[in-house]
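Visitor: Just one file: start_34.pdb, with PDB, C-alpha atoms.
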```pdb
ATOM      1  CA  SER A   1     -61.926  71.142   9.354
ATOM      2  CA  THR A   2     -62.026  68.833  12.362
ATOM      3  CA  TRP A   3     -62.059  65.789  10.082
ATOM      4  CA  SER A   4     -59.090  66.990   8.081
ATOM      5  CA  SER A   5     -56.980  67.800  11.137
ATOM      6  CA  HIS A   6     -57.894  64.438  12.655
ATOM      7  CA  GLY A   7     -56.962  62.754   9.363
ATOM      8  CA  ARG A   8     -53.618  64.577   9.272
ATOM      9  CA  GLU A   9     -52.936  63.614  12.882
ATOM     10  CA  GLU A  10     -53.689  59.991  12.080
ATOM     11  CA  LEU A  11     -51.375  60.089   9.048
ATOM     12  CA  VAL A  12     -48.582  61.632  11.147
ATOM     13  CA  GLN A  13     -48.992  58.885  13.768
ATOM     14  CA  LYS A  14     -48.932  56.199  11.075
ATOM     15  CA  ASP A  15     -45.865  57.818   9.508
ATOM     16  CA  GLN A  16     -44.079  57.913  12.879
ATOM     17  CA  ALA A  17     -45.031  54.290  13.542
ATOM     18  CA  GLY A  18     -43.766  53.362  10.070
ATOM     19  CA  SER A  19     -40.466  55.151  10.719
ATOM     20  CA  ILE A  20     -40.030  53.313  13.997
ATOM     21  CA  MET A  21     -40.783  50.008  12.302
ATOM     22  CA  GLN A  22     -38.238  50.789   9.594
ATOM     23  CA  MET A  23     -35.661  51.612  12.244
ATOM     24  CA  VAL A  24     -36.390  48.377  14.092
ATOM     25  CA  GLN A  25     -36.311  46.350  10.893
ATOM     26  CA  SER A  26     -33.159  47.997   9.592
ATOM     27  CA  SER A  27     -31.313  47.897  12.899
ATOM     28  CA  GLN A  28     -28.665  45.243  13.216
ATOM     29  CA  HIS A  29     -29.140  42.036  15.096
ATOM     30  CA  PRO A  30     -27.332  42.134  18.477
ATOM     31  CA  ARG A  31     -25.036  39.344  17.289
ATOM     32  CA  GLU A  32     -23.963  41.473  14.296
ATOM     33  CA  CYS A  33     -23.237  44.386  16.626
ATOM     34  CA  LEU A  34     -21.143  42.091  18.808
ATOM     35  CA  GLN A  35     -19.291  40.810  15.730
ATOM     36  CA  GLN A  36     -18.442  44.368  14.712
ATOM     37  CA  PHE A  37     -17.346  45.122  18.271
ATOM     38  CA  VAL A  38     -14.953  42.165  18.606
ATOM     39  CA  GLU A  39     -13.461  42.848  15.166
ATOM     40  CA  ALA A  40     -13.115  46.610  15.688
ATOM     41  CA  PRO A  41      -9.530  47.939  15.589
ATOM     42  CA  PHE A  42      -9.924  49.443  19.084
ATOM     43  CA  PHE A  43     -10.946  46.085  20.574
ATOM     44  CA  LEU A  44      -8.096  44.275  18.804
ATOM     45  CA  LEU A  45      -5.596  46.939  19.879
ATOM     46  CA  PHE A  46      -6.819  46.855  23.482
ATOM     47  CA  SER A  47      -6.551  43.051  23.553
ATOM     48  CA  GLY A  48      -3.088  43.221  22.008
ATOM     49  CA  ILE A  49      -1.886  45.730  24.588
ATOM     50  CA  LEU A  50      -3.189  43.512  27.390
ATOM     51  CA  ILE A  51      -1.362  40.524  25.907
ATOM     52  CA  ILE A  52       1.889  42.525  25.844
ATOM     53  CA  LEU A  53       1.340  43.744  29.422
ATOM     54  CA  ASN A  54       0.612  40.175  30.483
ATOM     55  CA  ALA A  55       3.899  39.043  28.908
ATOM     56  CA  VAL A  56       5.733  41.783  30.813
ATOM     57  CA  LEU A  57       4.043  40.636  34.021
ATOM     58  CA  VAL A  58       5.087  37.036  33.346
ATOM     59  CA  GLY A  59       8.689  38.195  32.882
ATOM     60  CA  VAL A  60       8.687  40.321  36.029
ATOM     61  CA  GLU A  61       7.059  37.557  38.062
ATOM     62  CA  THR A  62       9.496  34.934  36.753
ATOM     63  CA  ASN A  63      12.420  37.196  37.622
ATOM     64  CA  HIS A  64      11.004  37.839  41.099
ATOM     65  CA  VAL A  65      10.521  34.109  41.759
ATOM     66  CA  ALA A  66      14.045  33.364  40.462
ATOM     67  CA  THR A  67      15.521  36.083  42.677
ATOM     68  CA  HIS A  68      13.467  35.625  45.851
ATOM     69  CA  GLY A  69      12.235  32.052  45.560
ATOM     70  CA  VAL A  70       8.598  33.025  46.108
ATOM     71  CA  THR A  71       5.908  34.998  44.347
ATOM     72  CA  ILE A  72       3.838  37.752  45.913
ATOM     73  CA  ASP A  73       0.078  38.236  46.002
ATOM     74  CA  ILE A  74       0.062  41.228  43.652
ATOM     75  CA  PHE A  75       1.245  38.991  40.816
ATOM     76  CA  TRP A  76      -1.562  36.523  41.508
ATOM     77  CA  ALA A  77      -4.184  39.300  41.678
ATOM     78  CA  THR A  78      -2.927  40.962  38.505
ATOM     79  CA  GLN A  79      -2.838  37.657  36.655
ATOM     80  CA  LEU A  80      -6.386  36.993  37.827
ATOM     81  CA  CYS A  81      -7.461  40.302  36.222
ATOM     82  CA  PHE A  82      -5.712  39.421  32.959
ATOM     83  CA  ASN A  83      -7.238  35.938  32.945
ATOM     84  CA  THR A  84     -10.679  37.386  33.596
ATOM     85  CA  TRP A  85     -10.294  39.703  30.604
ATOM     86  CA  PHE A  86      -9.012  36.902  28.347
ATOM     87  CA  LEU A  87     -11.963  34.727  29.366
ATOM     88  CA  ILE A  88     -14.391  37.588  28.651
ATOM     89  CA  GLU A  89     -12.729  38.202  25.281
ATOM     90  CA  LEU A  90     -13.054  34.526  24.383
ATOM     91  CA  LEU A  91     -16.701  34.407  25.458
ATOM     92  CA  LEU A  92     -17.490  37.558  23.473
ATOM     93  CA  ARG A  93     -16.046  35.923  20.373
ATOM     94  CA  ILE A  94     -18.079  32.765  20.970
ATOM     95  CA  PHE A  95     -21.265  34.798  21.512
ATOM     96  CA  ALA A  96     -20.525  36.888  18.416
ATOM     97  CA  TRP A  97     -19.646  34.109  15.977
ATOM     98  CA  GLY A  98     -21.063  31.004  17.645
ATOM     99  CA  PHE A  99     -19.121  27.902  18.615
ATOM    100  CA  TRP A 100     -18.990  26.629  15.036
ATOM    101  CA  GLY A 101     -17.901  30.006  13.707
ATOM    102  CA  VAL A 102     -15.079  30.345  16.235
ATOM    103  CA  TYR A 103     -13.699  26.807  16.212
ATOM    104  CA  CYS A 104     -14.620  25.320  12.840
ATOM    105  CA  SER A 105     -15.264  27.784  10.026
ATOM    106  CA  SER A 106     -13.131  30.795  10.980
ATOM    107  CA  GLU A 107      -9.795  31.478   9.325
ATOM    108  CA  ASP A 108      -8.566  32.076  12.879
ATOM    109  CA  ARG A 109      -9.888  28.747  14.196
ATOM    110  CA  HIS A 110      -6.389  27.555  15.103
ATOM    111  CA  TRP A 111      -5.624  30.788  16.948
ATOM    112  CA  ASN A 112      -9.008  30.582  18.685
ATOM    113  CA  ALA A 113      -8.292  27.017  19.804
ATOM    114  CA  PHE A 114      -4.837  28.124  20.969
ATOM    115  CA  ASP A 115      -6.363  31.028  22.925
ATOM    116  CA  THR A 116      -8.880  28.671  24.504
ATOM    117  CA  VAL A 117      -6.111  26.328  25.659
ATOM    118  CA  LEU A 118      -4.153  29.297  27.053
ATOM    119  CA  VAL A 119      -7.187  30.621  28.906
ATOM    120  CA  ILE A 120      -7.895  27.204  30.417
ATOM    121  CA  LEU A 121      -4.237  26.679  31.406
ATOM    122  CA  SER A 122      -4.031  30.186  32.873
ATOM    123  CA  ILE A 123      -7.175  29.647  34.918
ATOM    124  CA  CYS A 124      -5.761  26.322  36.150
ATOM    125  CA  ASP A 125      -2.524  28.119  37.076
ATOM    126  CA  VAL A 126      -4.360  30.794  39.079
ATOM    127  CA  VAL A 127      -6.496  28.165  40.828
ATOM    128  CA  SER A 128      -3.450  26.039  41.657
ATOM    129  CA  GLN A 129      -1.611  29.077  43.016
ATOM    130  CA  SER A 130      -4.574  30.150  45.119
ATOM    131  CA  THR A 131      -5.026  26.663  46.601
ATOM    132  CA  GLN A 132      -1.297  25.889  46.842
ATOM    133  CA  LEU A 133      -1.855  22.766  44.712
ATOM    134  CA  GLY A 134       0.459  23.600  41.828
ATOM    135  CA  GLY A 135       4.153  23.017  41.762
ATOM    136  CA  PHE A 136       6.651  25.463  40.359
ATOM    137  CA  VAL A 137       7.316  23.246  37.328
ATOM    138  CA  VAL A 138       3.675  23.395  36.205
ATOM    139  CA  ALA A 139       3.547  27.145  36.855
ATOM    140  CA  ARG A 140       6.698  27.705  34.775
ATOM    141  CA  VAL A 141       5.322  25.717  31.864
ATOM    142  CA  VAL A 142       2.052  27.666  31.945
ATOM    143  CA  ARG A 143       3.915  30.992  32.071
ATOM    144  CA  ALA A 144       6.111  29.987  29.154
ATOM    145  CA  VAL A 145       3.077  28.968  27.113
ATOM    146  CA  ARG A 146       1.426  32.304  27.941
ATOM    147  CA  LEU A 147       4.348  34.060  26.285
ATOM    148  CA  LEU A 148       3.403  32.319  23.053
ATOM    149  CA  ARG A 149       0.335  34.551  23.019
ATOM    150  CA  LEU A 150       2.700  37.287  21.813
ATOM    151  CA  ALA A 151       2.680  35.563  18.435
ATOM    152  CA  ARG A 152      -1.001  36.440  18.239
ATOM    153  CA  VAL A 153      -0.179  40.112  18.845
ATOM    154  CA  MET A 154       2.305  40.062  15.988
ATOM    155  CA  ARG A 155      -0.331  38.541  13.716
ATOM    156  CA  MET A 156      -2.886  41.180  14.763
ATOM    157  CA  LEU A 157      -0.442  43.993  14.100
ATOM    158  CA  ARG A 158       0.310  42.575  10.667
ATOM    159  CA  LEU A 159      -3.415  42.422   9.870
ATOM    160  CA  MET A 160      -4.109  45.938  11.178
ATOM    161  CA  TYR A 161      -1.304  47.664   9.270
TER     162      TYR A 161
END
```
Represent the structure from my file as structure tokens, please.
Guide:
Amino acid sequence: STWSSHGREELVQKDQAGSIMQMVQSSQHPRECLQQFVEAPFFLLFSGILIILNAVLVGVETNHVATHGVTIDIFWATQLCFNTWFLIELLLRIFAWGFWGVYCSSEDRHWNAFDTVLVILSICDVVSQSTQLGGFVVARVVRAVRLLRLARVMRMLRLMY
């Protein structure tokens, strides 16, 4: 009786170990999970909403500068938050799909390159504003280019619906 209960216990342990191994083997690679995350409708919708809000901010800031001749710190801080998110979004896509997948083999490679240029220009704009290096002409050009990101939102909406 002792032998048989010990044998059953050993079989149960082996079965549990086998189940764990199956779970580990069948679980997705972290990169696949990240790919599903960045392509999920919620993530795309959230990014699209932030792009629209960023465009509204650009319009409000441009109007404020045109009216008062100067910008205020809240615009800079808010733009810094948007730029941080857009940089994180870009990095998540690169981590998910790899550099080659994002910039060479993806159907969206042109949009990804466009986003990268926008992120770099936006970061340069924030840095120039924070160090008082940038002129208003450069800042206006960067803000106008940021509005082009709205085209990406329209494309995302078309793909989602």
Visitor: Counting all atoms listed in the file, which residues have an atom no more than 12 Å from (-16.7, 43.3, 19.6) in the file's coordinates? Please list them as a ChimeraX atom specification.
Guide: /A:30-47,88-97
Visitor: So what do you get for CA of Thr78 in chain A versus CA of Ala113 in chain A, distance-wise?
Guide: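 Interatomic distance here is 23.9 Å.
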Visitor: What is the CA of Phe75 in chain A-CA of Leu118 in chain A distance in Å, reported with one decimal?
Guide: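 A separation of 17.7 Å between them.
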Visitor: Find the distance between CA of Gln79 in chain A and CA of Phe99 in chain A and write it in Å to one decimal.
Guide: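 We find that CA of Gln79 in chain A and CA of Phe99 in chain A lie 26.2 Å from each other.
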Visitor: Return the single residue from A:Gln129, A:Phe82, A:Ser122, A:Glu107 that is closest to Ile52 in chain A, with distances computed using all atoms listed in the file.
Guide: A:Phe82
Visitor: Calculated over all atoms listed in the file, which of the candidates A:Leu87, A:Val126, A:Ile120, A:Ile72 has the smallest distance to Val60 in chain A?
Guide: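 Answer, going by the shortest atom-to-atom distance: A:Ile72.
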Visitor: Which residues are near Trp76 in chain A? Cut-off 12 Å, only C-alpha atoms, ignore same chain within fewer than 6 positions. Put them as a count of residues only.
Guide: 18
